[in-house]
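Data from my_file07.cif: mmCIF, C-alpha atoms
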data_coords
loop_
_atom_site.label_atom_id
_atom_site.label_comp_id
_atom_site.auth_asym_id
_atom_site.auth_seq_id
_atom_site.Cartn_x
_atom_site.Cartn_y
_atom_site.Cartn_z
CA MET A 1 -306.40 -113.69 33.20
CA LEU A 2 -309.02 -115.74 31.29
CA ASP A 3 -306.35 -118.01 29.83
CA ARG A 4 -305.12 -118.85 33.35
CA ILE A 5 -308.64 -119.60 34.54
CA LEU A 6 -309.32 -121.87 31.57
CA TYR A 7 -306.03 -123.69 32.08
CA TRP A 8 -306.50 -124.36 35.79
CA LEU A 9 -310.14 -125.35 35.34
CA ALA A 10 -309.20 -128.03 32.80
CA ARG A 11 -306.46 -129.63 34.87
CA PRO A 12 -308.66 -131.13 37.63
CA ILE A 13 -311.00 -132.48 34.94
CA VAL A 14 -308.10 -134.30 33.29
CA ALA A 15 -306.88 -135.51 36.69
CA LEU A 16 -310.35 -136.85 37.52
CA TYR A 17 -310.48 -138.70 34.20
CA ALA A 18 -307.03 -140.16 34.85
CA ARG A 19 -308.08 -141.43 38.27
CA THR A 20 -311.34 -142.97 37.14
CA MET A 21 -310.60 -144.33 33.65
CA LEU A 22 -306.86 -144.99 33.74
CA ARG A 23 -304.95 -146.97 36.31
CA MET A 24 -302.13 -144.44 36.50
CA ASP A 25 -298.95 -145.66 38.15
CA ILE A 26 -296.48 -142.82 38.73
CA LEU A 27 -292.92 -143.29 39.96
CA ARG A 28 -290.67 -140.30 40.60
CA HIS A 29 -286.90 -140.75 40.89
CA ALA A 30 -286.41 -137.17 42.11
CA ASP A 31 -288.33 -134.04 43.01
CA LEU A 32 -288.75 -131.59 40.17
CA PRO A 33 -286.52 -128.50 40.41
CA ALA A 34 -288.09 -125.10 40.85
CA GLY A 35 -288.35 -122.75 37.90
CA PRO A 36 -288.85 -123.39 34.19
CA LYS A 37 -288.21 -126.91 32.97
CA ILE A 38 -288.29 -128.87 29.72
CA ILE A 39 -290.46 -131.97 30.06
CA VAL A 40 -289.60 -134.67 27.50
CA ALA A 41 -291.46 -137.95 27.03
CA ASN A 42 -292.16 -140.74 24.59
CA HIS A 43 -295.49 -140.53 22.79
CA PRO A 44 -297.42 -143.82 22.54
CA SER A 45 -300.86 -142.17 22.21
CA THR A 46 -302.67 -138.97 21.34
CA THR A 47 -303.81 -138.84 24.98
CA ASP A 48 -300.30 -138.25 26.35
CA PRO A 49 -300.12 -134.43 26.21
CA PHE A 50 -303.21 -134.06 28.39
CA LEU A 51 -301.97 -136.51 31.01
CA ILE A 52 -298.61 -134.74 31.19
CA LEU A 53 -300.49 -131.82 32.74
CA THR A 54 -301.32 -133.93 35.81
CA LEU A 55 -297.65 -134.67 36.56
CA VAL A 56 -296.34 -131.14 37.06
CA ARG A 57 -297.63 -128.48 39.43
CA ASP A 58 -296.35 -125.69 37.20
CA ARG A 59 -298.33 -124.35 34.31
CA VAL A 60 -297.08 -126.23 31.24
CA SER A 61 -297.12 -125.24 27.58
CA ILE A 62 -297.02 -128.35 25.39
CA LEU A 63 -295.76 -128.48 21.82
CA ILE A 64 -298.72 -130.09 20.03
CA HIS A 65 -299.17 -131.11 16.40
CA ASP A 66 -301.02 -128.65 14.20
CA THR A 67 -303.92 -131.07 13.61
CA LEU A 68 -305.41 -130.63 17.08
CA PHE A 69 -305.29 -126.85 16.71
CA ARG A 70 -307.57 -127.16 13.68
CA VAL A 71 -310.32 -129.00 15.57
CA PRO A 72 -313.33 -126.67 16.14
CA ILE A 73 -313.63 -125.30 19.71
CA PHE A 74 -310.82 -127.51 20.99
CA GLY A 75 -308.18 -125.88 18.78
CA PRO A 76 -308.94 -122.32 19.87
CA TYR A 77 -308.89 -123.53 23.47
CA LEU A 78 -305.38 -124.97 23.07
CA LYS A 79 -304.17 -121.69 21.63
CA ARG A 80 -305.89 -119.60 24.30
CA VAL A 81 -304.32 -121.46 27.23
CA GLY A 82 -300.82 -121.19 25.79
CA HIS A 83 -299.93 -124.47 24.13
CA VAL A 84 -297.59 -124.28 21.14
CA ARG A 85 -298.65 -125.19 17.63
CA VAL A 86 -296.20 -127.35 15.68
CA VAL A 87 -296.78 -127.03 11.95
CA PRO A 88 -295.07 -129.72 9.82
CA GLY A 89 -292.14 -128.22 7.95
CA ASN A 90 -291.98 -125.20 10.25
CA GLY A 91 -290.69 -126.60 13.51
CA ARG A 92 -288.40 -123.59 13.91
CA ALA A 93 -291.37 -121.33 14.72
CA ALA A 94 -292.56 -123.68 17.46
CA LEU A 95 -289.04 -123.95 18.88
CA ASP A 96 -288.65 -120.16 18.90
CA ARG A 97 -291.95 -119.80 20.76
CA ALA A 98 -290.91 -122.49 23.27
CA HIS A 99 -287.63 -120.63 23.81
CA GLN A 100 -289.55 -117.41 24.58
CA LEU A 101 -291.77 -119.22 27.06
CA VAL A 102 -288.89 -120.85 28.93
CA ARG A 103 -287.05 -117.53 29.09
CA ALA A 104 -290.22 -116.01 30.54
CA GLY A 105 -290.32 -118.67 33.28
CA ARG A 106 -292.78 -121.16 31.76
CA THR A 107 -292.29 -124.93 31.78
CA VAL A 108 -292.71 -126.54 28.36
CA ALA A 109 -293.25 -130.14 27.27
CA VAL A 110 -291.76 -131.65 24.13
CA PHE A 111 -292.16 -135.09 22.55
CA PRO A 112 -288.72 -135.68 20.96
CA GLU A 113 -290.03 -138.39 18.63
CA GLY A 114 -292.01 -135.71 16.82
CA ASP A 115 -294.89 -138.10 16.18
CA ILE A 116 -296.84 -140.93 17.79
CA SER A 117 -294.56 -143.86 18.62
CA PRO A 118 -294.86 -146.84 16.22
CA LEU A 119 -298.09 -148.72 16.92
CA GLU A 120 -296.25 -152.03 16.72
CA GLY A 121 -293.93 -150.91 19.53
CA GLY A 122 -290.58 -149.22 19.86
CA PHE A 123 -289.62 -145.60 19.40
CA HIS A 124 -288.85 -143.16 16.62
CA ARG A 125 -285.40 -141.64 16.41
CA PRO A 126 -285.43 -138.32 18.29
CA ARG A 127 -285.52 -134.95 16.66
CA THR A 128 -283.20 -132.25 17.95
CA GLY A 129 -285.66 -129.61 19.18
CA ALA A 130 -285.54 -130.54 22.87
CA ALA A 131 -281.73 -130.60 22.86
CA ARG A 132 -281.54 -127.21 21.15
CA LEU A 133 -284.03 -125.77 23.61
CA ALA A 134 -282.02 -127.09 26.56
CA LEU A 135 -278.77 -125.68 25.21
CA SER A 136 -280.22 -122.29 24.33
CA THR A 137 -282.01 -121.75 27.67
CA GLY A 138 -279.98 -123.71 30.22
CA ALA A 139 -283.24 -125.12 31.63
CA PRO A 140 -283.15 -128.63 33.11
CA VAL A 141 -284.56 -131.48 31.04
CA ILE A 142 -286.97 -133.81 32.87
CA PRO A 143 -287.20 -137.18 31.08
CA ILE A 144 -290.42 -139.20 31.36
CA GLY A 145 -291.01 -142.77 30.21
CA ILE A 146 -294.60 -143.84 29.48
CA HIS A 147 -295.92 -147.34 28.99
CA LEU A 148 -299.46 -148.49 28.24
CA ARG A 149 -301.24 -151.49 26.80
CA ARG A 150 -301.01 -150.95 23.04
CA GLU A 151 -303.88 -153.33 22.36
CA ARG A 152 -306.17 -150.88 24.17
CA ILE A 153 -305.32 -147.99 21.85
CA ARG A 154 -308.34 -146.93 19.80
CA LEU A 155 -307.88 -145.51 16.31
CA ILE A 156 -310.51 -142.79 16.03
CA ARG A 157 -311.05 -141.10 12.66
CA THR A 158 -312.29 -137.53 12.52
CA LYS A 159 -312.75 -134.93 9.80
CA VAL A 160 -310.54 -131.87 10.15
CA ASP A 161 -310.76 -129.24 7.41
CA GLY A 162 -312.34 -131.86 5.15
CA LYS A 163 -309.50 -134.34 5.62
CA THR A 164 -309.67 -137.59 7.60
CA GLU A 165 -307.28 -137.61 10.55
CA VAL A 166 -306.60 -140.66 12.70
CA GLY A 167 -306.06 -140.24 16.44
CA THR A 168 -304.49 -142.99 18.56
CA TRP A 169 -306.52 -142.47 21.74
CA TYR A 170 -305.96 -144.38 24.96
CA LEU A 171 -309.24 -144.17 26.84
CA ARG A 172 -309.05 -146.91 29.47
CA GLY A 173 -306.47 -149.20 31.02
CA PRO A 174 -303.17 -149.12 32.92
CA TYR A 175 -300.91 -146.15 32.23
CA ALA A 176 -297.50 -146.20 33.88
CA VAL A 177 -295.22 -143.17 34.06
CA THR A 178 -291.66 -142.98 35.37
CA ILE A 179 -290.17 -139.53 35.93
CA GLY A 180 -286.39 -139.36 35.83
CA LYS A 181 -283.82 -137.10 37.43
CA PRO A 182 -283.16 -133.67 35.90
CA MET A 183 -280.59 -133.56 33.12
CA TYR A 184 -278.44 -130.49 32.44
CA PHE A 185 -276.62 -129.70 29.22
CA GLU A 186 -274.19 -127.07 27.96
CA GLY A 187 -272.75 -126.30 24.56
CA ASP A 188 -273.25 -124.59 21.23
CA THR A 189 -276.55 -125.08 19.42
CA GLU A 190 -274.65 -124.72 16.14
CA ASP A 191 -272.48 -127.74 16.93
CA ARG A 192 -274.59 -130.32 15.12
CA PRO A 193 -272.78 -133.47 16.32
CA HIS A 194 -273.07 -132.21 19.90
CA VAL A 195 -276.76 -131.43 19.50
CA ARG A 196 -277.40 -134.86 17.97
CA SER A 197 -275.46 -136.52 20.79
CA ILE A 198 -277.58 -134.75 23.41
CA SER A 199 -280.76 -135.69 21.55
CA GLU A 200 -279.73 -139.34 21.68
CA LYS A 201 -278.87 -139.10 25.40
CA ILE A 202 -282.29 -137.63 26.12
CA MET A 203 -284.04 -140.33 24.11
CA GLN A 204 -282.04 -143.14 25.71
CA SER A 205 -283.06 -141.84 29.13
CA ILE A 206 -286.70 -141.78 28.05
CA ILE A 207 -286.47 -145.33 26.68
CA GLY A 208 -284.91 -146.59 29.90
CA LEU A 209 -287.65 -144.96 31.98
CA SER A 210 -290.30 -146.36 29.64
CA LEU A 211 -288.92 -149.86 30.22
CA GLN A 212 -289.18 -149.27 33.96
CA SER A 213 -292.81 -148.27 33.44
CA ALA A 214 -293.39 -151.43 31.38
CA CYS A 215 -292.22 -153.59 34.28
CA ARG A 216 -295.03 -152.17 36.42
CA VAL A 217 -297.86 -152.62 33.89
#
Let's see the structure in the file written out as structure tokens.
Amino acid sequence: MLDRILYWLARPIVALYARTMLRMDILRHADLPAGPKIIVANHPSTTDPFLILTLVRDRVSILIHDTLFRVPIFGPYLKRVGHVRVVPGNGRAALDRAHQLVRAGRTVAVFPEGDISPLEGGFHRPRTGAARLALSTGAPVIPIGIHLRRERIRLIRTKVDGKTEVGTWYLRGPYAVTIGKPMYFEGDTEDRPHVRSISEKIMQSIIGLSLQSACRV
């Protein structure tokens, strides 16, 4: 019960920040289907996971890099409200947890690039986790393309467990989001060429939506 309260209390705070500090421009090509979904998006800034929460009415569990889970107070909060920790070199554990959540009716969000998009622009080649999750659960994939002004990204250094970590935070400025139509996939998760092909299809959809967002910024 407490985890639900904490989750739903945080969402209006993030929404308020988005309205006052970011000029969010949201375009939806279709209504989101009912039931569990797999949200996939490009990842130009560290801020993206929090803003994703404002786009979906469902409760969303986001696959988030291990670093944020190690930040005092904030990390325990992420764990408590049900986000999924992605530890480098052990992506299988995060994917298994995401599978459990989708099977239980939860919507999850995945950033297929696996890291922050290149600061100079462009996109990383997608990893296969989102495709495997879609194939293993049958849940629809909802592609999202984000575009922002890269010159407004702030590199903020913090100490986490004695190590310096650099966050690419987007604190102010236009932030355009285009939400695509649901994508459905079938097939064997052990068929590697098929999984890779689906991963590329998902990423190409995200890139196309991101370019649409760029036209509005």
### Message
I need the residue nearest A:Pro143 from this list: A:Lys163, A:Thr168, A:Ala30, A:Arg70. Use all atoms listed in the file for the distance.
### Response
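Distance minimum relative to A:Pro143 lands on A:Ala30.
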### Task
Compile the contact shell of A:Thr189 as a list in words: residues with an atom at most 10 Å away, counting all atoms listed in the file, same-chain residues fewer than 2 positions apart removed.
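The residues satisfying every condition are Thr128, Ala131, Arg132, Leu133, Ala134, Leu135, Ser136, Glu186, Gly187, Asp191, Arg192, Pro193, His194, Val195 and Arg196 of chain A.
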If you take only C-alpha atoms and a cut-off of 12 Å, which residues of stretch 77-169 of chain A touch stretch 7-13 of chain A, and what are their nearest atom pairs and distances in Å to one decimal, in chain and number order, as JSON lines?
{"residue": "A:Tyr77", "atom": "CA", "partner": "A:Tyr7", "partner_atom": "CA", "distance": 9.1}
{"residue": "A:Leu78", "atom": "CA", "partner": "A:Tyr7", "partner_atom": "CA", "distance": 9.1}
{"residue": "A:Lys79", "atom": "CA", "partner": "A:Tyr7", "partner_atom": "CA", "distance": 10.8}
{"residue": "A:Arg80", "atom": "CA", "partner": "A:Tyr7", "partner_atom": "CA", "distance": 8.8}
{"residue": "A:Val81", "atom": "CA", "partner": "A:Tyr7", "partner_atom": "CA", "distance": 5.6}
{"residue": "A:Gly82", "atom": "CA", "partner": "A:Tyr7", "partner_atom": "CA", "distance": 8.5}
{"residue": "A:His83", "atom": "CA", "partner": "A:Tyr7", "partner_atom": "CA", "distance": 10.1}
Expected file: the selected residues, C-alpha atoms, as a compact mmCIF listing (two decimals), keeping the file's coordinate frame:
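To be explicit, this is the file written out as out-v4.txt:
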# COMPACT_ATOMS: atom_id res chain seq x y z
CA TYR A 77 -308.89 -123.53 23.47
CA LEU A 78 -305.38 -124.97 23.07
CA LYS A 79 -304.17 -121.69 21.63
CA ARG A 80 -305.89 -119.60 24.30
CA VAL A 81 -304.32 -121.46 27.23
CA GLY A 82 -300.82 -121.19 25.79
CA HIS A 83 -299.93 -124.47 24.13
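The spacing separating atom CA of A:Asp48 from atom CA of A:Val14 amounts to 11.2 Å.
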### Task
Check the smallest atom-to-atom distance from each of A:Ala130, A:Val160, A:Leu27, A:Val177 to A:Val71 using all atoms listed in the file, then report the winner.
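The answer is A:Val160, which sits nearest to A:Val71.
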### Task
Rank A:Val60, A:Ala18, A:Ile146, A:Leu55 by their smallest atom-to-atom distance to A:Leu171, using only C-alpha atoms, and report the top residue only.
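The closest residue to A:Leu171 is A:Ala18.
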### Nearest-residue call for A:Asp31, choices A:Ile179, A:Leu63, A:Leu101, A:Val87, using all atoms listed in the file
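Closest to A:Asp31, using all atoms listed in the file: A:Ile179.
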